[in-house]
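Raw contents of upload.pdb, PDB, C-alpha atoms, pLDDT in the B column:
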```pdb
ATOM      1  CA  MET A   1     -14.660  -6.609   1.405  1.00 89.00           C
ATOM      2  CA  THR A   2     -11.487  -6.347   3.496  1.00 93.00           C
ATOM      3  CA  GLU A   3      -9.649  -3.129   4.332  1.00 96.00           C
ATOM      4  CA  GLN A   4      -6.140  -2.943   5.763  1.00 97.00           C
ATOM      5  CA  ARG A   5      -3.980   0.093   6.538  1.00 97.00           C
ATOM      6  CA  TYR A   6      -0.201   0.234   6.438  1.00 98.00           C
ATOM      7  CA  HIS A   7       2.194   2.921   7.654  1.00 97.00           C
ATOM      8  CA  VAL A   8       4.889   3.261   4.988  1.00 97.00           C
ATOM      9  CA  THR A   9       8.174   5.125   5.434  1.00 95.00           C
ATOM     10  CA  GLY A  10      10.193   6.761   2.675  1.00 93.00           C
ATOM     11  CA  MET A  11       7.170   8.010   0.741  1.00 92.00           C
ATOM     12  CA  THR A  12       7.716  11.737   0.116  1.00 92.00           C
ATOM     13  CA  CYS A  13       5.927  12.773  -3.063  1.00 94.00           C
ATOM     14  CA  ASP A  14       3.133  12.057  -5.516  1.00 94.00           C
ATOM     15  CA  ARG A  15       5.500  10.073  -7.713  1.00 95.00           C
ATOM     16  CA  CYS A  16       6.168   7.756  -4.755  1.00 95.00           C
ATOM     17  CA  ALA A  17       2.418   7.392  -4.289  1.00 96.00           C
ATOM     18  CA  ASP A  18       1.932   6.569  -7.976  1.00 96.00           C
ATOM     19  CA  THR A  19       4.631   3.902  -7.813  1.00 96.00           C
ATOM     20  CA  LEU A  20       3.090   2.333  -4.723  1.00 96.00           C
ATOM     21  CA  GLU A  21      -0.415   2.460  -6.147  1.00 97.00           C
ATOM     22  CA  SER A  22       0.747   0.664  -9.280  1.00 97.00           C
ATOM     23  CA  ARG A  23       2.692  -2.031  -7.415  1.00 97.00           C
ATOM     24  CA  ILE A  24       0.063  -2.692  -4.747  1.00 98.00           C
ATOM     25  CA  GLY A  25      -2.751  -2.556  -7.296  1.00 97.00           C
ATOM     26  CA  GLY A  26      -1.111  -5.484  -9.068  1.00 97.00           C
ATOM     27  CA  VAL A  27      -1.518  -7.784  -6.064  1.00 98.00           C
ATOM     28  CA  VAL A  28      -4.236 -10.386  -6.622  1.00 97.00           C
ATOM     29  CA  GLY A  29      -7.426  -9.475  -4.751  1.00 97.00           C
ATOM     30  CA  VAL A  30      -6.659  -5.757  -4.367  1.00 98.00           C
ATOM     31  CA  ASP A  31      -9.496  -3.589  -5.687  1.00 97.00           C
ATOM     32  CA  ARG A  32      -8.536  -0.144  -4.413  1.00 97.00           C
ATOM     33  CA  VAL A  33      -5.447   1.597  -3.014  1.00 98.00           C
ATOM     34  CA  GLY A  34      -5.686   4.872  -1.101  1.00 97.00           C
ATOM     35  CA  ILE A  35      -2.505   6.759  -0.275  1.00 97.00           C
ATOM     36  CA  ASP A  36      -1.916   9.765   1.983  1.00 96.00           C
ATOM     37  CA  VAL A  37       1.658  10.938   1.406  1.00 95.00           C
ATOM     38  CA  GLY A  38       1.511  13.401   4.313  1.00 94.00           C
ATOM     39  CA  THR A  39       0.816  10.733   6.926  1.00 95.00           C
ATOM     40  CA  GLY A  40       2.500   7.803   5.186  1.00 95.00           C
ATOM     41  CA  SER A  41      -0.776   5.905   5.262  1.00 96.00           C
ATOM     42  CA  VAL A  42      -1.676   3.326   2.632  1.00 98.00           C
ATOM     43  CA  THR A  43      -5.180   1.839   2.729  1.00 98.00           C
ATOM     44  CA  VAL A  44      -5.790  -1.315   0.714  1.00 98.00           C
ATOM     45  CA  THR A  45      -9.292  -2.589  -0.003  1.00 98.00           C
ATOM     46  CA  GLY A  46     -10.277  -5.796  -1.743  1.00 97.00           C
ATOM     47  CA  GLU A  47     -11.477  -9.362  -1.574  1.00 92.00           C
ATOM     48  CA  ALA A  48      -9.156 -11.959  -0.069  1.00 90.00           C
ATOM     49  CA  PHE A  49      -5.825 -10.261  -0.761  1.00 96.00           C
ATOM     50  CA  ASP A  50      -2.716 -11.566   0.960  1.00 96.00           C
ATOM     51  CA  GLY A  51      -1.263  -8.944   3.325  1.00 96.00           C
ATOM     52  CA  SER A  52       2.218 -10.431   3.051  1.00 96.00           C
ATOM     53  CA  LYS A  53       2.088  -9.941  -0.721  1.00 97.00           C
ATOM     54  CA  VAL A  54       1.033  -6.316  -0.201  1.00 98.00           C
ATOM     55  CA  CYS A  55       4.012  -5.834   2.137  1.00 97.00           C
ATOM     56  CA  ALA A  56       6.287  -7.487  -0.442  1.00 97.00           C
ATOM     57  CA  ALA A  57       4.968  -5.153  -3.175  1.00 98.00           C
ATOM     58  CA  ILE A  58       5.705  -2.150  -0.944  1.00 97.00           C
ATOM     59  CA  ALA A  59       9.235  -3.410  -0.275  1.00 97.00           C
ATOM     60  CA  ASP A  60       9.794  -4.164  -3.981  1.00 96.00           C
ATOM     61  CA  ALA A  61       8.867  -0.555  -4.740  1.00 95.00           C
ATOM     62  CA  GLY A  62      11.678   0.573  -2.416  1.00 95.00           C
ATOM     63  CA  PHE A  63       9.673   1.529   0.669  1.00 96.00           C
ATOM     64  CA  GLU A  64       9.338   0.067   4.148  1.00 95.00           C
ATOM     65  CA  VAL A  65       6.246  -1.029   6.040  1.00 96.00           C
ATOM     66  CA  ALA A  66       6.706   0.498   9.493  1.00 94.00           C
ATOM     67  CA  ALA A  67       3.412  -0.855  10.849  1.00 93.00           C
ATOM     68  CA  VAL A  68       0.257  -2.675   9.871  1.00 92.00           C
ATOM     69  CA  LEU A  69      -2.589  -0.733  11.444  1.00 86.00           C
TER
END
```
Could you rewrite the structure in this file as structure tokens?
Amino acid sequence: MTEQRYHVTGMTCDRCADTLESRIGGVVGVDRVGIDVGTGSVTVTGEAFDGSKVCAAIADAGFEVAAVL
């Protein structure tokens, strides 16, 4: 099981979190998405997911990856 954290900017509410969870959850290999709106932290857990595809899903949802932690 792999876990990766991302710092995402532009996320301000629960609706933003729901959008991100849906988009990231659709990436092949992602099993779980944890989002903390207050800190801008997105934690992705799964087997063999592609981090660049996670970043692309975040961008497609209208947000920006400020850092991969």
Leaving out Asp50 of chain A and any residue of its chain fewer than 5 positions from it, which residues lie within 9 Å of it when counting only C-alpha atoms, given as a PDB file with C-alpha atoms, in the coordinates of the input?
```
ATOM      1  CA  VAL A  27      -1.518  -7.784  -6.064  1.00 98.00           C
ATOM      2  CA  VAL A  28      -4.236 -10.386  -6.622  1.00 97.00           C
ATOM      3  CA  GLY A  29      -7.426  -9.475  -4.751  1.00 97.00           C
ATOM      4  CA  VAL A  30      -6.659  -5.757  -4.367  1.00 98.00           C
ATOM      5  CA  CYS A  55       4.012  -5.834   2.137  1.00 97.00           C
TER       6      CYS A  55
END
```
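Atom pair atom CA of Thr19 of chain A / atom CA of Gly62 of chain A has a distance of 9.5 Å (rounded to one decimal).
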Item to complete: Pick out the closest residue to Thr9 of chain A from this set: A:Gly46, A:Asp36, A:Gly26, A:Val65. Count only C-alpha atoms.
Response: A:Val65
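Taken over the shown file, the PyMOL selection byres ((chain A and resi 16) around 12) identifies Val8, Thr9, Gly10, Met11, Thr12, Cys13, Asp14, Arg15, Ala17, Asp18, Thr19, Leu20, Glu21, Ser22, Arg23, Ile35, Asp36, Val37, Gly38, Gly40, Val42, Ile58, Ala61, Gly62 and Phe63 of chain A.
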For the residues in the current selection, export C-alpha atoms as an mmCIF file, keeping the file's coordinate frame.
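Written output follows (selection-v3.cif):
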```
data_model
loop_
_atom_site.group_PDB
_atom_site.id
_atom_site.type_symbol
_atom_site.label_atom_id
_atom_site.label_comp_id
_atom_site.auth_asym_id
_atom_site.auth_seq_id
_atom_site.Cartn_x
_atom_site.Cartn_y
_atom_site.Cartn_z
ATOM 1 C CA VAL A 8 4.889 3.261 4.988
ATOM 2 C CA THR A 9 8.174 5.125 5.434
ATOM 3 C CA GLY A 10 10.193 6.761 2.675
ATOM 4 C CA MET A 11 7.170 8.010 0.741
ATOM 5 C CA THR A 12 7.716 11.737 0.116
ATOM 6 C CA CYS A 13 5.927 12.773 -3.063
ATOM 7 C CA ASP A 14 3.133 12.057 -5.516
ATOM 8 C CA ARG A 15 5.500 10.073 -7.713
ATOM 9 C CA ALA A 17 2.418 7.392 -4.289
ATOM 10 C CA ASP A 18 1.932 6.569 -7.976
ATOM 11 C CA THR A 19 4.631 3.902 -7.813
ATOM 12 C CA LEU A 20 3.090 2.333 -4.723
ATOM 13 C CA GLU A 21 -0.415 2.460 -6.147
ATOM 14 C CA SER A 22 0.747 0.664 -9.280
ATOM 15 C CA ARG A 23 2.692 -2.031 -7.415
ATOM 16 C CA ILE A 35 -2.505 6.759 -0.275
ATOM 17 C CA ASP A 36 -1.916 9.765 1.983
ATOM 18 C CA VAL A 37 1.658 10.938 1.406
ATOM 19 C CA GLY A 38 1.511 13.401 4.313
ATOM 20 C CA GLY A 40 2.500 7.803 5.186
ATOM 21 C CA VAL A 42 -1.676 3.326 2.632
ATOM 22 C CA ILE A 58 5.705 -2.150 -0.944
ATOM 23 C CA ALA A 61 8.867 -0.555 -4.740
ATOM 24 C CA GLY A 62 11.678 0.573 -2.416
ATOM 25 C CA PHE A 63 9.673 1.529 0.669
#
```
Result set, the PyMOL selection byres ((chain A and resi 51) around 10) on current file, as a compact mmCIF listing (two decimals) with C-alpha atoms, in the coordinates of the input:
```txt
# COMPACT_ATOMS: atom_id res chain seq x y z
CA GLN A 4 -6.14 -2.94 5.76
CA ARG A 5 -3.98 0.09 6.54
CA TYR A 6 -0.20 0.23 6.44
CA VAL A 27 -1.52 -7.78 -6.06
CA VAL A 30 -6.66 -5.76 -4.37
CA VAL A 44 -5.79 -1.32 0.71
CA ALA A 48 -9.16 -11.96 -0.07
CA PHE A 49 -5.82 -10.26 -0.76
CA ASP A 50 -2.72 -11.57 0.96
CA SER A 52 2.22 -10.43 3.05
CA LYS A 53 2.09 -9.94 -0.72
CA VAL A 54 1.03 -6.32 -0.20
CA CYS A 55 4.01 -5.83 2.14
CA ALA A 56 6.29 -7.49 -0.44
CA ALA A 57 4.97 -5.15 -3.18
CA VAL A 68 0.26 -2.68 9.87
```
Which centre and edge lengths in Å to one decimal define the box along x, y and z that fits every listed atom of segment 12-22 of chain A plus 4 Å per side, as lines of an AutoDock Vina configuration file?
```
center_x = 3.7
center_y = 6.7
center_z = -4.6
size_x = 16.1
size_y = 20.1
size_z = 17.4
```
Practice prompt. Report the residues retrieved by the PyMOL selection byres ((chain A and resi 1) around 7) from the displayed file, expressed as an NGL selection string.
Written response: :A and (2-3 or 45-47)
Reconstructed all heavy atoms for segment 52-63 of chain A, given as a PDB file, in the coordinates of the input:
```
ATOM      1  N   SER A  52       0.772 -10.271   3.215  1.00 96.00           N
ATOM      2  CA  SER A  52       2.218 -10.431   3.051  1.00 96.00           C
ATOM      3  C   SER A  52       2.650 -10.079   1.630  1.00 96.00           C
ATOM      4  O   SER A  52       3.746  -9.557   1.419  1.00 96.00           O
ATOM      5  CB  SER A  52       2.662 -11.845   3.414  1.00 96.00           C
ATOM      6  OG  SER A  52       2.123 -12.794   2.527  1.00 96.00           O
ATOM      7  N   LYS A  53       1.776 -10.313   0.662  1.00 97.00           N
ATOM      8  CA  LYS A  53       2.088  -9.941  -0.721  1.00 97.00           C
ATOM      9  C   LYS A  53       2.009  -8.422  -0.906  1.00 97.00           C
ATOM     10  O   LYS A  53       2.760  -7.849  -1.683  1.00 97.00           O
ATOM     11  CB  LYS A  53       1.170 -10.664  -1.695  1.00 97.00           C
ATOM     12  CG  LYS A  53       1.485 -12.138  -1.772  1.00 97.00           C
ATOM     13  CD  LYS A  53       0.668 -12.859  -2.798  1.00 97.00           C
ATOM     14  CE  LYS A  53       1.065 -14.329  -2.819  1.00 97.00           C
ATOM     15  NZ  LYS A  53       0.295 -15.098  -3.775  1.00 97.00           N
ATOM     16  N   VAL A  54       1.100  -7.780  -0.177  1.00 98.00           N
ATOM     17  CA  VAL A  54       1.033  -6.316  -0.201  1.00 98.00           C
ATOM     18  C   VAL A  54       2.320  -5.741   0.381  1.00 98.00           C
ATOM     19  O   VAL A  54       2.934  -4.843  -0.197  1.00 98.00           O
ATOM     20  CB  VAL A  54      -0.205  -5.788   0.565  1.00 98.00           C
ATOM     21  CG1 VAL A  54      -0.149  -4.279   0.724  1.00 98.00           C
ATOM     22  CG2 VAL A  54      -1.494  -6.206  -0.143  1.00 98.00           C
ATOM     23  N   CYS A  55       2.763  -6.286   1.517  1.00 97.00           N
ATOM     24  CA  CYS A  55       4.012  -5.834   2.137  1.00 97.00           C
ATOM     25  C   CYS A  55       5.202  -6.065   1.200  1.00 97.00           C
ATOM     26  O   CYS A  55       6.090  -5.209   1.098  1.00 97.00           O
ATOM     27  CB  CYS A  55       4.238  -6.534   3.465  1.00 97.00           C
ATOM     28  SG  CYS A  55       3.114  -6.010   4.774  1.00 97.00           S
ATOM     29  N   ALA A  56       5.212  -7.187   0.511  1.00 97.00           N
ATOM     30  CA  ALA A  56       6.287  -7.487  -0.442  1.00 97.00           C
ATOM     31  C   ALA A  56       6.269  -6.498  -1.603  1.00 97.00           C
ATOM     32  O   ALA A  56       7.328  -6.044  -2.055  1.00 97.00           O
ATOM     33  CB  ALA A  56       6.166  -8.916  -0.954  1.00 97.00           C
ATOM     34  N   ALA A  57       5.081  -6.123  -2.081  1.00 98.00           N
ATOM     35  CA  ALA A  57       4.968  -5.153  -3.175  1.00 98.00           C
ATOM     36  C   ALA A  57       5.490  -3.791  -2.728  1.00 98.00           C
ATOM     37  O   ALA A  57       6.157  -3.090  -3.501  1.00 98.00           O
ATOM     38  CB  ALA A  57       3.515  -5.049  -3.640  1.00 98.00           C
ATOM     39  N   ILE A  58       5.205  -3.419  -1.482  1.00 97.00           N
ATOM     40  CA  ILE A  58       5.705  -2.150  -0.944  1.00 97.00           C
ATOM     41  C   ILE A  58       7.234  -2.177  -0.875  1.00 97.00           C
ATOM     42  O   ILE A  58       7.902  -1.233  -1.284  1.00 97.00           O
ATOM     43  CB  ILE A  58       5.074  -1.872   0.438  1.00 97.00           C
ATOM     44  CG1 ILE A  58       3.570  -1.610   0.284  1.00 97.00           C
ATOM     45  CG2 ILE A  58       5.769  -0.702   1.130  1.00 97.00           C
ATOM     46  CD1 ILE A  58       2.784  -1.583   1.584  1.00 97.00           C
ATOM     47  N   ALA A  59       7.785  -3.268  -0.373  1.00 97.00           N
ATOM     48  CA  ALA A  59       9.235  -3.410  -0.275  1.00 97.00           C
ATOM     49  C   ALA A  59       9.882  -3.420  -1.658  1.00 97.00           C
ATOM     50  O   ALA A  59      10.936  -2.797  -1.866  1.00 97.00           O
ATOM     51  CB  ALA A  59       9.590  -4.676   0.495  1.00 97.00           C
ATOM     52  N   ASP A  60       9.256  -4.108  -2.612  1.00 96.00           N
ATOM     53  CA  ASP A  60       9.794  -4.164  -3.981  1.00 96.00           C
ATOM     54  C   ASP A  60       9.813  -2.794  -4.636  1.00 96.00           C
ATOM     55  O   ASP A  60      10.635  -2.523  -5.512  1.00 96.00           O
ATOM     56  CB  ASP A  60       8.973  -5.124  -4.845  1.00 96.00           C
ATOM     57  CG  ASP A  60       9.235  -6.590  -4.514  1.00 96.00           C
ATOM     58  OD1 ASP A  60      10.223  -6.877  -3.804  1.00 96.00           O
ATOM     59  OD2 ASP A  60       8.432  -7.440  -4.949  1.00 96.00           O
ATOM     60  N   ALA A  61       8.909  -1.917  -4.194  1.00 95.00           N
ATOM     61  CA  ALA A  61       8.867  -0.555  -4.740  1.00 95.00           C
ATOM     62  C   ALA A  61       9.908   0.347  -4.068  1.00 95.00           C
ATOM     63  O   ALA A  61      10.077   1.511  -4.463  1.00 95.00           O
ATOM     64  CB  ALA A  61       7.467   0.037  -4.549  1.00 95.00           C
ATOM     65  N   GLY A  62      10.610  -0.179  -3.049  1.00 95.00           N
ATOM     66  CA  GLY A  62      11.678   0.573  -2.416  1.00 95.00           C
ATOM     67  C   GLY A  62      11.271   1.293  -1.143  1.00 95.00           C
ATOM     68  O   GLY A  62      11.984   2.179  -0.675  1.00 95.00           O
ATOM     69  N   PHE A  63      10.145   0.899  -0.561  1.00 96.00           N
ATOM     70  CA  PHE A  63       9.673   1.529   0.669  1.00 96.00           C
ATOM     71  C   PHE A  63       9.604   0.491   1.781  1.00 96.00           C
ATOM     72  O   PHE A  63       9.758  -0.693   1.543  1.00 96.00           O
ATOM     73  CB  PHE A  63       8.282   2.157   0.426  1.00 96.00           C
ATOM     74  CG  PHE A  63       8.301   3.153  -0.686  1.00 96.00           C
ATOM     75  CD1 PHE A  63       7.929   2.793  -1.976  1.00 96.00           C
ATOM     76  CD2 PHE A  63       8.730   4.458  -0.477  1.00 96.00           C
ATOM     77  CE1 PHE A  63       7.958   3.694  -3.021  1.00 96.00           C
ATOM     78  CE2 PHE A  63       8.760   5.367  -1.507  1.00 96.00           C
ATOM     79  CZ  PHE A  63       8.378   4.987  -2.796  1.00 96.00           C
TER      80      PHE A  63
END
```
